[in-house]
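Below is model-v1.pdb, holding PDB, C-alpha atoms, pLDDT in the B column.
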```pdb
ATOM      1  CA  MET A  29      -0.755   0.132  -5.112  1.00 86.00           C
ATOM      2  CA  ALA A  30       1.763  -2.562  -5.957  1.00 89.00           C
ATOM      3  CA  THR A  31       4.043  -4.858  -4.009  1.00 86.00           C
ATOM      4  CA  HIS A  32       7.773  -4.324  -4.120  1.00 86.00           C
ATOM      5  CA  ARG A  33       8.162  -7.626  -5.950  1.00 89.00           C
ATOM      6  CA  GLN A  34       5.650  -6.475  -8.601  1.00 91.00           C
ATOM      7  CA  LEU A  35       7.562  -3.229  -9.106  1.00 93.00           C
ATOM      8  CA  VAL A  36      10.865  -5.094  -9.454  1.00 94.00           C
ATOM      9  CA  GLU A  37       9.365  -7.489 -12.016  1.00 95.00           C
ATOM     10  CA  ALA A  38       7.939  -4.527 -13.970  1.00 95.00           C
ATOM     11  CA  GLU A  39      11.382  -2.811 -13.798  1.00 95.00           C
ATOM     12  CA  LEU A  40       9.940   0.169 -11.936  1.00 95.00           C
ATOM     13  CA  VAL A  41      12.786   0.417  -9.388  1.00 95.00           C
ATOM     14  CA  ASP A  42      16.173   2.116  -9.490  1.00 95.00           C
ATOM     15  CA  GLU A  43      19.573   0.459  -9.043  1.00 95.00           C
ATOM     16  CA  PHE A  44      19.034   0.484  -5.251  1.00 94.00           C
ATOM     17  CA  ASP A  45      15.615  -1.228  -5.561  1.00 91.00           C
ATOM     18  CA  HIS A  46      13.785   1.971  -4.589  1.00 93.00           C
ATOM     19  CA  PRO A  47      10.508   2.570  -6.444  1.00 93.00           C
ATOM     20  CA  LEU A  48      10.667   5.053  -9.319  1.00 94.00           C
ATOM     21  CA  PRO A  49       8.297   8.044  -9.317  1.00 91.00           C
ATOM     22  CA  PRO A  50       5.357   8.218  -9.096  1.00 88.00           C
ATOM     23  CA  TRP A  51       5.620   5.154  -6.816  1.00 90.00           C
ATOM     24  CA  HIS A  52       6.342   5.653  -3.098  1.00 85.00           C
ATOM     25  CA  PRO A  53       6.943   2.970  -0.469  1.00 85.00           C
ATOM     26  CA  ILE A  54       4.594   2.558   2.469  1.00 84.00           C
ATOM     27  CA  GLN A  55       5.701   1.338   5.877  1.00 81.00           C
ATOM     28  CA  GLY A  56       4.992  -2.240   6.830  1.00 79.00           C
ATOM     29  CA  PRO A  57       6.641  -5.542   7.593  1.00 79.00           C
ATOM     30  CA  SER A  58       8.372  -7.181   4.632  1.00 75.00           C
ATOM     31  CA  ASP A  59       6.358 -10.368   5.182  1.00 79.00           C
ATOM     32  CA  ALA A  60       2.968  -8.606   5.406  1.00 80.00           C
ATOM     33  CA  SER A  61       0.178 -10.770   4.064  1.00 84.00           C
ATOM     34  CA  THR A  62      -3.192  -9.491   2.862  1.00 80.00           C
ATOM     35  CA  MET A  63      -4.647 -12.278   4.970  1.00 84.00           C
ATOM     36  CA  TRP A  64      -3.706 -10.308   8.095  1.00 91.00           C
ATOM     37  CA  TYR A  65      -3.169  -6.781   6.771  1.00 92.00           C
ATOM     38  CA  ALA A  66      -5.498  -4.460   4.899  1.00 93.00           C
ATOM     39  CA  VAL A  67      -3.964  -2.205   2.261  1.00 93.00           C
ATOM     40  CA  MET A  68      -5.623   1.186   2.704  1.00 95.00           C
ATOM     41  CA  ARG A  69      -5.555   4.258   0.473  1.00 95.00           C
ATOM     42  CA  LYS A  70      -6.846   7.798   0.552  1.00 96.00           C
ATOM     43  CA  ARG A  71      -6.915  10.374  -2.220  1.00 94.00           C
ATOM     44  CA  THR A  72      -5.418  13.649  -1.055  1.00 93.00           C
ATOM     45  CA  ARG A  73      -4.221  16.624  -3.109  1.00 92.00           C
ATOM     46  CA  GLY A  74      -4.823  14.662  -6.312  1.00 90.00           C
ATOM     47  CA  ILE A  75      -2.721  11.608  -5.419  1.00 89.00           C
ATOM     48  CA  PHE A  76      -3.265   8.425  -3.450  1.00 89.00           C
ATOM     49  CA  ILE A  77      -1.425   7.857  -0.194  1.00 91.00           C
ATOM     50  CA  GLY A  78      -1.343   4.415   1.333  1.00 92.00           C
ATOM     51  CA  THR A  79      -0.807   2.511   4.538  1.00 93.00           C
ATOM     52  CA  LEU A  80      -1.123  -0.976   5.962  1.00 93.00           C
ATOM     53  CA  CYS A  81      -3.121  -1.879   9.032  1.00 93.00           C
ATOM     54  CA  ILE A  82      -4.044  -5.128  10.728  1.00 93.00           C
ATOM     55  CA  ARG A  83      -7.468  -6.238   9.545  1.00 92.00           C
ATOM     56  CA  HIS A  84     -10.632  -5.862  11.638  1.00 93.00           C
ATOM     57  CA  THR A  85      -9.126  -3.563  14.268  1.00 94.00           C
ATOM     58  CA  GLU A  86     -10.110  -0.201  15.682  1.00 96.00           C
ATOM     59  CA  ARG A  87      -7.312   1.319  13.571  1.00 95.00           C
ATOM     60  CA  GLN A  88      -8.926   0.115  10.343  1.00 96.00           C
ATOM     61  CA  ALA A  89     -12.334   1.391  11.466  1.00 97.00           C
ATOM     62  CA  SER A  90     -10.791   4.752  12.368  1.00 97.00           C
ATOM     63  CA  LEU A  91      -9.100   5.073   8.982  1.00 97.00           C
ATOM     64  CA  GLU A  92     -12.351   4.239   7.194  1.00 97.00           C
ATOM     65  CA  GLU A  93     -14.150   6.933   9.213  1.00 97.00           C
ATOM     66  CA  GLN A  94     -11.500   9.396   7.976  1.00 97.00           C
ATOM     67  CA  GLY A  95     -12.198   8.539   4.333  1.00 96.00           C
ATOM     68  CA  TRP A  96      -9.655   5.776   3.743  1.00 97.00           C
ATOM     69  CA  GLU A  97     -10.716   2.772   1.682  1.00 97.00           C
ATOM     70  CA  GLU A  98      -9.426  -0.769   1.532  1.00 95.00           C
ATOM     71  CA  VAL A  99      -7.740  -1.650  -1.739  1.00 94.00           C
ATOM     72  CA  PRO A 100      -9.103  -4.896  -3.209  1.00 94.00           C
ATOM     73  CA  VAL A 101      -6.321  -7.496  -3.443  1.00 90.00           C
ATOM     74  CA  SER A 102      -7.225  -8.159  -7.076  1.00 92.00           C
ATOM     75  CA  THR A 103      -6.300  -4.561  -8.012  1.00 92.00           C
ATOM     76  CA  ILE A 104      -2.842  -4.545  -6.415  1.00 89.00           C
ATOM     77  CA  GLY A 105      -0.234  -4.345  -9.156  1.00 87.00           C
ATOM     78  CA  PRO A 106       1.713  -1.906 -11.318  1.00 83.00           C
TER      79      PRO A 106
END
```
Structure encoded using structure tokens:
Amino acid sequence: MATHRQLVEAELVDEFDHPLPPWHPIQGPSDASTMWYAVMRKRTRGIFIGTLCIRHTERQASLEEQGWEEVPVSTIGP
């Protein structure tokens, strides 16, 4: 997992600022903060998929029950 800004700085985006493979964008507000949002991931078919959810909600608990895990902020980066 990496922020869009981190991918841009690492030159891992195309001329339209879309992430280059194997990176894929996840849906979320452009001003999402890890103070309010949890970055979640799940390994499926050999790759990680990701999503954002508001912290400490039923949605986060539901995702965790389905095998999703919260990504530690310190590990977010290219």
Exercise. Given the file above and the PyMOL selection byres ((chain A and resi 106) around 12), which residues are selected, and can you give them as a PyMOL selection string?
Worked result: chain A and resi 29-41+47-48+50-51+102-105
Using only C-alpha atoms, what does the table of stretch 84-105 of chain A residues within 7 Å of stretch 60-79 of chain A look like, with each row giving the shortest atom pair and its distance in Å to one decimal, sorted by chain and ascending number, as a Markdown table?
```
| residue | atom | partner | partner_atom | distance |
| --- | --- | --- | --- | --- |
| A:Gly95 | CA | A:Lys70 | CA | 6.6 |
| A:Trp96 | CA | A:Lys70 | CA | 4.7 |
| A:Glu97 | CA | A:Met68 | CA | 5.4 |
| A:Glu98 | CA | A:Met68 | CA | 4.4 |
| A:Val99 | CA | A:Val67 | CA | 5.5 |
```
For the residues selected in the previous step, produce a file with C-alpha atoms as an mmCIF file, in the frame of the given file.
```cif
data_model
loop_
_atom_site.group_PDB
_atom_site.id
_atom_site.type_symbol
_atom_site.label_atom_id
_atom_site.label_comp_id
_atom_site.auth_asym_id
_atom_site.auth_seq_id
_atom_site.Cartn_x
_atom_site.Cartn_y
_atom_site.Cartn_z
ATOM 1 C CA GLY A 95 -12.198 8.539 4.333
ATOM 2 C CA TRP A 96 -9.655 5.776 3.743
ATOM 3 C CA GLU A 97 -10.716 2.772 1.682
ATOM 4 C CA GLU A 98 -9.426 -0.769 1.532
ATOM 5 C CA VAL A 99 -7.740 -1.650 -1.739
#
```
Exercise. Of the residues A:Thr85, A:Leu80, A:Asp42, A:Leu91, which is the one nearest to A:Ile54, using all atoms listed in the file?
Worked result: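 Of all the options, A:Leu80 lies closest to A:Ile54.
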For this session: Could you check how far atom CA of A:Gln55 sits from atom CA of A:Ile82, in Å to one decimal?
Result: 12.7 Å
Box time for stretch 81-84 of chain A: axis-aligned, enclosing all its listed atoms, 4 Å extra on each side; report centre and edge lengths in Å to one decimal, as JSON.
```
{"center_x": -6.9, "center_y": -4.1, "center_z": 10.3, "size_x": 15.5, "size_y": 12.4, "size_z": 10.6}
```
Exercise. Just how far from atom CA of A:Cys81 is atom CA of A:Gly56, in Å to one decimal?
Worked result: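 Result for atom CA of A:Gly56 versus atom CA of A:Cys81: 8.4 Å, one decimal.
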Extract stretch 54-94 of chain A from the structure I just pasted (atoms: N, CA and C atoms) and return it as a PDB file, in the first residue's frame.
```pdb
ATOM      1  N   ILE A  54      -7.271   2.513  -4.810  1.00  0.00           N
ATOM      2  CA  ILE A  54      -8.440   2.113  -4.035  1.00  0.00           C
ATOM      3  C   ILE A  54      -9.312   3.342  -3.856  1.00  0.00           C
ATOM      4  N   GLN A  55     -10.606   3.124  -3.691  1.00  0.00           N
ATOM      5  CA  GLN A  55     -11.550   4.219  -3.564  1.00  0.00           C
ATOM      6  C   GLN A  55     -11.449   4.858  -2.180  1.00  0.00           C
ATOM      7  N   GLY A  56     -11.546   6.156  -2.147  1.00  0.00           N
ATOM      8  CA  GLY A  56     -11.542   6.876  -0.888  1.00  0.00           C
ATOM      9  C   GLY A  56     -11.430   8.358  -1.152  1.00  0.00           C
ATOM     10  N   PRO A  57     -11.766   9.165  -0.165  1.00  0.00           N
ATOM     11  CA  PRO A  57     -11.653  10.602  -0.338  1.00  0.00           C
ATOM     12  C   PRO A  57     -10.192  11.021  -0.487  1.00  0.00           C
ATOM     13  N   SER A  58      -9.955  12.052  -1.287  1.00  0.00           N
ATOM     14  CA  SER A  58      -8.575  12.484  -1.537  1.00  0.00           C
ATOM     15  C   SER A  58      -7.916  13.061  -0.289  1.00  0.00           C
ATOM     16  N   ASP A  59      -8.713  13.467   0.688  1.00  0.00           N
ATOM     17  CA  ASP A  59      -8.140  14.031   1.917  1.00  0.00           C
ATOM     18  C   ASP A  59      -8.218  13.051   3.083  1.00  0.00           C
ATOM     19  N   ALA A  60      -8.330  11.744   2.774  1.00  0.00           N
ATOM     20  CA  ALA A  60      -8.438  10.726   3.822  1.00  0.00           C
ATOM     21  C   ALA A  60      -7.196  10.765   4.714  1.00  0.00           C
ATOM     22  N   SER A  61      -7.423  10.717   5.991  1.00  0.00           N
ATOM     23  CA  SER A  61      -6.342  10.732   6.965  1.00  0.00           C
ATOM     24  C   SER A  61      -6.374   9.420   7.746  1.00  0.00           C
ATOM     25  N   THR A  62      -5.184   8.864   8.038  1.00  0.00           N
ATOM     26  CA  THR A  62      -5.150   7.625   8.800  1.00  0.00           C
ATOM     27  C   THR A  62      -5.573   7.855  10.246  1.00  0.00           C
ATOM     28  N   MET A  63      -5.804   9.105  10.602  1.00  0.00           N
ATOM     29  CA  MET A  63      -6.371   9.385  11.921  1.00  0.00           C
ATOM     30  C   MET A  63      -7.826   8.919  11.964  1.00  0.00           C
ATOM     31  N   TRP A  64      -8.538   9.090  10.848  1.00  0.00           N
ATOM     32  CA  TRP A  64      -9.956   8.757  10.786  1.00  0.00           C
ATOM     33  C   TRP A  64     -10.235   7.484  10.004  1.00  0.00           C
ATOM     34  N   TYR A  65      -9.361   7.146   9.063  1.00  0.00           N
ATOM     35  CA  TYR A  65      -9.576   5.991   8.199  1.00  0.00           C
ATOM     36  C   TYR A  65      -8.552   4.906   8.473  1.00  0.00           C
ATOM     37  N   ALA A  66      -8.990   3.674   8.406  1.00  0.00           N
ATOM     38  CA  ALA A  66      -8.090   2.524   8.484  1.00  0.00           C
ATOM     39  C   ALA A  66      -7.848   2.033   7.064  1.00  0.00           C
ATOM     40  N   VAL A  67      -6.593   1.769   6.739  1.00  0.00           N
ATOM     41  CA  VAL A  67      -6.238   1.166   5.465  1.00  0.00           C
ATOM     42  C   VAL A  67      -6.270  -0.345   5.693  1.00  0.00           C
ATOM     43  N   MET A  68      -7.112  -1.026   4.943  1.00  0.00           N
ATOM     44  CA  MET A  68      -7.310  -2.465   5.136  1.00  0.00           C
ATOM     45  C   MET A  68      -6.828  -3.209   3.894  1.00  0.00           C
ATOM     46  N   ARG A  69      -6.316  -4.429   4.113  1.00  0.00           N
ATOM     47  CA  ARG A  69      -5.899  -5.253   2.977  1.00  0.00           C
ATOM     48  C   ARG A  69      -6.270  -6.713   3.235  1.00  0.00           C
ATOM     49  N   LYS A  70      -6.394  -7.420   2.118  1.00  0.00           N
ATOM     50  CA  LYS A  70      -6.694  -8.852   2.189  1.00  0.00           C
ATOM     51  C   LYS A  70      -5.969  -9.526   1.033  1.00  0.00           C
ATOM     52  N   ARG A  71      -5.305 -10.621   1.336  1.00  0.00           N
ATOM     53  CA  ARG A  71      -4.627 -11.389   0.288  1.00  0.00           C
ATOM     54  C   ARG A  71      -5.650 -12.315  -0.356  1.00  0.00           C
ATOM     55  N   THR A  72      -5.762 -12.216  -1.672  1.00  0.00           N
ATOM     56  CA  THR A  72      -6.687 -13.052  -2.416  1.00  0.00           C
ATOM     57  C   THR A  72      -6.071 -13.381  -3.772  1.00  0.00           C
ATOM     58  N   ARG A  73      -6.101 -14.635  -4.139  1.00  0.00           N
ATOM     59  CA  ARG A  73      -5.538 -15.102  -5.413  1.00  0.00           C
ATOM     60  C   ARG A  73      -4.083 -14.659  -5.597  1.00  0.00           C
ATOM     61  N   GLY A  74      -3.335 -14.609  -4.497  1.00  0.00           N
ATOM     62  CA  GLY A  74      -1.914 -14.301  -4.576  1.00  0.00           C
ATOM     63  C   GLY A  74      -1.542 -12.835  -4.590  1.00  0.00           C
ATOM     64  N   ILE A  75      -2.540 -11.942  -4.536  1.00  0.00           N
ATOM     65  CA  ILE A  75      -2.256 -10.503  -4.501  1.00  0.00           C
ATOM     66  C   ILE A  75      -3.016  -9.877  -3.344  1.00  0.00           C
ATOM     67  N   PHE A  76      -2.608  -8.677  -2.966  1.00  0.00           N
ATOM     68  CA  PHE A  76      -3.340  -7.930  -1.950  1.00  0.00           C
ATOM     69  C   PHE A  76      -4.341  -7.003  -2.616  1.00  0.00           C
ATOM     70  N   ILE A  77      -5.551  -6.971  -2.070  1.00  0.00           N
ATOM     71  CA  ILE A  77      -6.532  -5.966  -2.458  1.00  0.00           C
ATOM     72  C   ILE A  77      -6.700  -5.051  -1.251  1.00  0.00           C
ATOM     73  N   GLY A  78      -7.102  -3.836  -1.485  1.00  0.00           N
ATOM     74  CA  GLY A  78      -7.191  -2.895  -0.381  1.00  0.00           C
ATOM     75  C   GLY A  78      -8.450  -2.069  -0.407  1.00  0.00           C
ATOM     76  N   THR A  79      -8.745  -1.485   0.745  1.00  0.00           N
ATOM     77  CA  THR A  79      -9.884  -0.581   0.876  1.00  0.00           C
ATOM     78  C   THR A  79      -9.636   0.335   2.063  1.00  0.00           C
ATOM     79  N   LEU A  80     -10.401   1.390   2.131  1.00  0.00           N
ATOM     80  CA  LEU A  80     -10.392   2.290   3.282  1.00  0.00           C
ATOM     81  C   LEU A  80     -11.716   2.143   4.004  1.00  0.00           C
ATOM     82  N   CYS A  81     -11.687   2.293   5.316  1.00  0.00           N
ATOM     83  CA  CYS A  81     -12.939   2.348   6.065  1.00  0.00           C
ATOM     84  C   CYS A  81     -12.723   3.248   7.278  1.00  0.00           C
ATOM     85  N   ILE A  82     -13.797   3.859   7.724  1.00  0.00           N
ATOM     86  CA  ILE A  82     -13.705   4.722   8.903  1.00  0.00           C
ATOM     87  C   ILE A  82     -13.377   3.847  10.104  1.00  0.00           C
ATOM     88  N   ARG A  83     -12.432   4.307  10.900  1.00  0.00           N
ATOM     89  CA  ARG A  83     -11.953   3.537  12.046  1.00  0.00           C
ATOM     90  C   ARG A  83     -13.052   3.262  13.073  1.00  0.00           C
ATOM     91  N   HIS A  84     -12.917   2.136  13.748  1.00  0.00           N
ATOM     92  CA  HIS A  84     -13.745   1.757  14.900  1.00  0.00           C
ATOM     93  C   HIS A  84     -15.242   1.737  14.592  1.00  0.00           C
ATOM     94  N   THR A  85     -15.581   1.207  13.418  1.00  0.00           N
ATOM     95  CA  THR A  85     -16.987   1.105  13.020  1.00  0.00           C
ATOM     96  C   THR A  85     -17.340  -0.367  12.816  1.00  0.00           C
ATOM     97  N   GLU A  86     -18.614  -0.623  12.653  1.00  0.00           N
ATOM     98  CA  GLU A  86     -19.060  -1.984  12.362  1.00  0.00           C
ATOM     99  C   GLU A  86     -18.459  -2.478  11.047  1.00  0.00           C
ATOM    100  N   ARG A  87     -18.258  -1.576  10.099  1.00  0.00           N
ATOM    101  CA  ARG A  87     -17.667  -1.958   8.805  1.00  0.00           C
ATOM    102  C   ARG A  87     -16.256  -2.507   9.007  1.00  0.00           C
ATOM    103  N   GLN A  88     -15.447  -1.856   9.820  1.00  0.00           N
ATOM    104  CA  GLN A  88     -14.098  -2.346  10.067  1.00  0.00           C
ATOM    105  C   GLN A  88     -14.149  -3.709  10.760  1.00  0.00           C
ATOM    106  N   ALA A  89     -15.010  -3.852  11.737  1.00  0.00           N
ATOM    107  CA  ALA A  89     -15.146  -5.136  12.439  1.00  0.00           C
ATOM    108  C   ALA A  89     -15.582  -6.235  11.473  1.00  0.00           C
ATOM    109  N   SER A  90     -16.498  -5.907  10.572  1.00  0.00           N
ATOM    110  CA  SER A  90     -16.977  -6.881   9.594  1.00  0.00           C
ATOM    111  C   SER A  90     -15.848  -7.307   8.652  1.00  0.00           C
ATOM    112  N   LEU A  91     -15.073  -6.348   8.179  1.00  0.00           N
ATOM    113  CA  LEU A  91     -13.955  -6.681   7.303  1.00  0.00           C
ATOM    114  C   LEU A  91     -12.956  -7.587   8.018  1.00  0.00           C
ATOM    115  N   GLU A  92     -12.651  -7.270   9.269  1.00  0.00           N
ATOM    116  CA  GLU A  92     -11.702  -8.082  10.027  1.00  0.00           C
ATOM    117  C   GLU A  92     -12.223  -9.505  10.207  1.00  0.00           C
ATOM    118  N   GLU A  93     -13.520  -9.659  10.410  1.00  0.00           N
ATOM    119  CA  GLU A  93     -14.116 -10.997  10.522  1.00  0.00           C
ATOM    120  C   GLU A  93     -13.968 -11.781   9.218  1.00  0.00           C
ATOM    121  N   GLN A  94     -13.902 -11.062   8.094  1.00  0.00           N
ATOM    122  CA  GLN A  94     -13.778 -11.696   6.778  1.00  0.00           C
ATOM    123  C   GLN A  94     -12.314 -11.914   6.379  1.00  0.00           C
TER     124      GLN A  94
END
```
